[in-house]
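Participant: This is the structure, below, for whatever I ask next.
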Amino acid sequence: VQLQASGGGLVQAGDSLRLSCVASGRTFSGYASGWFRQAPGKEREFVIAINANGGNPVYVDSIKGRFTISRDNAKNTMYLQMNSLKPEDTAIYYCATRRSSNRIVLSAIRAASVYDYWGQGTLVTVSS
């Protein structure tokens with residue numbers, strides 16, 4: 001499975017962006033999948049994820065009410081809709097998915113180590 005992320009760019013604070021992640025060889029449906037980001041000089045951090053069986057997404061508090069995750073099974077694509085962007089959202093954004101179709105416990109879904117496949121990252125820069 002290969003993941004290709006796209007959609008990043010330079011925007012102003014308050015703008016919106018939609019990131020896409022296309023999976024080759026498999027759908028995202030039925031697999032826990034999510035987005036992580038890495039800001040300059042910082043470690044990679046969890047952003048948002050959805051479990052194998054769907055349901056409510058799990059997200060980091062800093063993006064609550066602004067970011068949403070979705071999947072288009074027909075296109076083998078996962079999206080990250082980002083609204084009301086802030087300068088602190090500036091980072092390289094990575095999509096990820098698991099090899100196993102098993103549902104994972106919510107306490108683990110935020111851990112990068114549970115994901116087996118990663119996209120190459122797409123840069124989002126938010127200017128103030």
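Every chain in the structure tokens has a letter given in the order shown (A, B, ...), and although residue numbers restart at 1 in each chain, ligands are simply numbered from 1 in the order shown.
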Which residues, written as a short mmCIF file (atom, residue, chain, number, x, y, z; two decimals) with N, CA, C and O atoms, in the first residue's frame, have at least one atom at most 6 Å from region 45-47 of chain A, with only C-alpha atoms counted and residues fewer than 3 positions away on the same chain left out?

Facilitator:
data_model
loop_
_atom_site.label_atom_id
_atom_site.label_comp_id
_atom_site.auth_asym_id
_atom_site.auth_seq_id
_atom_site.Cartn_x
_atom_site.Cartn_y
_atom_site.Cartn_z
N TRP A 35 -4.26 11.39 10.44
CA TRP A 35 -3.32 12.42 10.04
C TRP A 35 -2.43 12.81 11.22
O TRP A 35 -2.92 12.92 12.36
N PHE A 36 -1.18 13.01 10.93
CA PHE A 36 -0.22 13.52 11.88
C PHE A 36 0.44 14.76 11.26
O PHE A 36 0.31 15.01 10.07
N ARG A 37 1.12 15.51 12.09
CA ARG A 37 1.85 16.66 11.56
C ARG A 37 3.15 16.87 12.33
O ARG A 37 3.27 16.45 13.48
N TYR A 59 -9.30 13.27 18.04
CA TYR A 59 -8.50 14.39 17.57
C TYR A 59 -7.79 15.07 18.74
O TYR A 59 -8.16 14.92 19.90
N VAL A 60 -6.78 15.83 18.38
CA VAL A 60 -6.07 16.62 19.37
C VAL A 60 -6.90 17.87 19.67
O VAL A 60 -7.58 18.40 18.78
N ARG A 110 -3.89 7.29 18.84
CA ARG A 110 -3.09 8.50 18.69
C ARG A 110 -1.60 8.21 18.49
O ARG A 110 -0.82 9.11 18.21
#

Participant: Give me every helix (DSSP H, G or I) residue in chain A, going by DSSP on the backbone, as a PyMOL selection string.

Facilitator: chain A and resi 61-63+73-75+87-89+112-114

Participant: Using only C-alpha atoms, can you tell me which of A:Phe67, A:Tyr94, A:Tyr115, A:Tyr79 comes closest to Ala32 (chain A)?

Facilitator: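 Nearest candidate to Ala32 (chain A) out of A:Phe67, A:Tyr94, A:Tyr115, A:Tyr79: A:Tyr115.
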
Participant: So, with only C-alpha atoms as the atoms that count, which of A:Pro87, A:Gly55, A:Gly41, A:Gly119 lies closest to Leu106 (chain A)?

Facilitator: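 Under the stated criterion, the closest residue is A:Gly55.
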
Participant: Near Ala96 (chain A), within 12 Å and counting only C-alpha atoms, which residues show up once chain neighbours fewer than 5 positions away are dropped, as number ranges by chain?

Facilitator: A: 1-5, 20-23, 28, 31-37, 46-51, 77-80, 109-121

Participant: Rank nothing, just name the residue among A:Ser16, A:Thr122, A:Ser6, A:Thr27 nearest to Met82 (chain A), using only C-alpha atoms.

Facilitator: A:Ser16

Participant: Enumerate the residues of region 2-127 of chain A with a DSSP assignment of strand (DSSP E or B), computed from the backbone, and present them as number ranges by chain.

Facilitator: A: 2-6, 9-12, 17-24, 33-38, 45-51, 54-59, 67-72, 77-82, 91-97, 117-118, 122-127

Participant: Mind dumping the selected residues with C-alpha atoms as a PDB file, in the first residue's frame?

Facilitator:
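Heads up, here's the output in out_30.pdb:
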ATOM      1  CA  GLN A   2       1.345   3.390  -0.952  1.00  0.00           C
ATOM      2  CA  LEU A   3      -0.086   6.680   0.272  1.00  0.00           C
ATOM      3  CA  GLN A   4       0.204   9.950  -1.603  1.00  0.00           C
ATOM      4  CA  ALA A   5      -0.642  13.130   0.273  1.00  0.00           C
ATOM      5  CA  SER A   6      -1.350  16.423  -1.431  1.00  0.00           C
ATOM      6  CA  GLY A   9       0.217  25.234   0.456  1.00  0.00           C
ATOM      7  CA  LEU A  10       0.683  28.729   1.760  1.00  0.00           C
ATOM      8  CA  VAL A  11      -2.422  30.356   3.192  1.00  0.00           C
ATOM      9  CA  GLN A  12      -3.312  33.173   5.526  1.00  0.00           C
ATOM     10  CA  LEU A  17      -7.367  23.967   3.029  1.00  0.00           C
ATOM     11  CA  ARG A  18      -8.313  20.413   2.191  1.00  0.00           C
ATOM     12  CA  LEU A  19      -5.601  17.801   2.205  1.00  0.00           C
ATOM     13  CA  SER A  20      -6.016  14.579   0.289  1.00  0.00           C
ATOM     14  CA  CYS A  21      -4.390  11.203   0.750  1.00  0.00           C
ATOM     15  CA  VAL A  22      -4.790   8.643  -1.995  1.00  0.00           C
ATOM     16  CA  ALA A  23      -4.114   4.997  -1.293  1.00  0.00           C
ATOM     17  CA  SER A  24      -2.900   2.733  -4.040  1.00  0.00           C
ATOM     18  CA  SER A  33      -6.456   5.874   9.470  1.00  0.00           C
ATOM     19  CA  GLY A  34      -5.461   9.363  10.376  1.00  0.00           C
ATOM     20  CA  TRP A  35      -3.320  12.421  10.039  1.00  0.00           C
ATOM     21  CA  PHE A  36      -0.217  13.524  11.878  1.00  0.00           C
ATOM     22  CA  ARG A  37       1.851  16.664  11.561  1.00  0.00           C
ATOM     23  CA  GLN A  38       5.359  17.827  12.275  1.00  0.00           C
ATOM     24  CA  GLU A  45       2.238  14.846  16.643  1.00  0.00           C
ATOM     25  CA  PHE A  46      -1.140  13.224  16.251  1.00  0.00           C
ATOM     26  CA  VAL A  47      -3.865  15.352  14.673  1.00  0.00           C
ATOM     27  CA  ILE A  48      -6.959  13.276  13.970  1.00  0.00           C
ATOM     28  CA  ALA A  49      -7.918   9.691  13.215  1.00  0.00           C
ATOM     29  CA  ILE A  50     -10.873   7.481  12.563  1.00  0.00           C
ATOM     30  CA  ASN A  51     -11.081   3.879  13.646  1.00  0.00           C
ATOM     31  CA  GLY A  54     -15.786   4.454  11.572  1.00  0.00           C
ATOM     32  CA  GLY A  55     -17.523   6.253  14.363  1.00  0.00           C
ATOM     33  CA  ASN A  56     -16.537   9.529  15.909  1.00  0.00           C
ATOM     34  CA  PRO A  57     -13.029  10.652  15.074  1.00  0.00           C
ATOM     35  CA  VAL A  58     -10.377  11.126  17.719  1.00  0.00           C
ATOM     36  CA  TYR A  59      -8.500  14.394  17.574  1.00  0.00           C
ATOM     37  CA  PHE A  67     -10.557  20.122  11.282  1.00  0.00           C
ATOM     38  CA  THR A  68     -12.566  17.180  10.023  1.00  0.00           C
ATOM     39  CA  ILE A  69     -11.550  13.834   8.585  1.00  0.00           C
ATOM     40  CA  SER A  70     -13.426  11.936   5.933  1.00  0.00           C
ATOM     41  CA  ARG A  71     -13.006   9.022   3.554  1.00  0.00           C
ATOM     42  CA  ASP A  72     -14.202   8.520  -0.012  1.00  0.00           C
ATOM     43  CA  THR A  77      -9.009   8.783  -0.672  1.00  0.00           C
ATOM     44  CA  MET A  78      -8.932  10.246   2.812  1.00  0.00           C
ATOM     45  CA  TYR A  79      -9.352  13.938   3.394  1.00  0.00           C
ATOM     46  CA  LEU A  80      -8.433  16.427   6.070  1.00  0.00           C
ATOM     47  CA  GLN A  81     -10.577  19.534   5.862  1.00  0.00           C
ATOM     48  CA  MET A  82      -8.901  22.348   7.752  1.00  0.00           C
ATOM     49  CA  ALA A  91       3.617  21.862   9.646  1.00  0.00           C
ATOM     50  CA  ILE A  92       4.213  18.988   7.302  1.00  0.00           C
ATOM     51  CA  TYR A  93       1.083  16.867   7.373  1.00  0.00           C
ATOM     52  CA  TYR A  94       1.296  13.101   7.023  1.00  0.00           C
ATOM     53  CA  CYS A  95      -1.465  10.616   6.373  1.00  0.00           C
ATOM     54  CA  ALA A  96      -1.257   7.118   7.771  1.00  0.00           C
ATOM     55  CA  THR A  97      -3.188   3.876   7.817  1.00  0.00           C
ATOM     56  CA  TYR A 117       1.760   2.904   5.988  1.00  0.00           C
ATOM     57  CA  TRP A 118       2.626   6.568   5.693  1.00  0.00           C
ATOM     58  CA  THR A 122       2.508  17.770   2.413  1.00  0.00           C
ATOM     59  CA  LEU A 123       3.552  21.171   3.729  1.00  0.00           C
ATOM     60  CA  VAL A 124       1.002  23.575   5.127  1.00  0.00           C
ATOM     61  CA  THR A 125       2.190  27.081   5.903  1.00  0.00           C
ATOM     62  CA  VAL A 126      -0.150  29.526   7.590  1.00  0.00           C
ATOM     63  CA  SER A 127       0.914  33.150   7.659  1.00  0.00           C
TER      64      SER A 127
END

Participant: Using Å and a single decimal, report how far CA of Pro40 (chain A) sits from CA of Ala108 (chain A).

Facilitator: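 For CA of Ala108 (chain A) relative to CA of Pro40 (chain A), the distance reads 25.0 Å.
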
Participant: Find the residues near Ser29 (chain A): any atom within 8 Å, counting only C-alpha atoms, skip ones fewer than 6 places away on the same chain, and give them as a PyMOL selection string.

Facilitator: chain A and resi 52-53+71+73

Participant: Would you compute the distance between CA of Asp61 (chain A) and CA of Gly8 (chain A)? Give it in Å to one decimal.

Facilitator: 21.5 Å
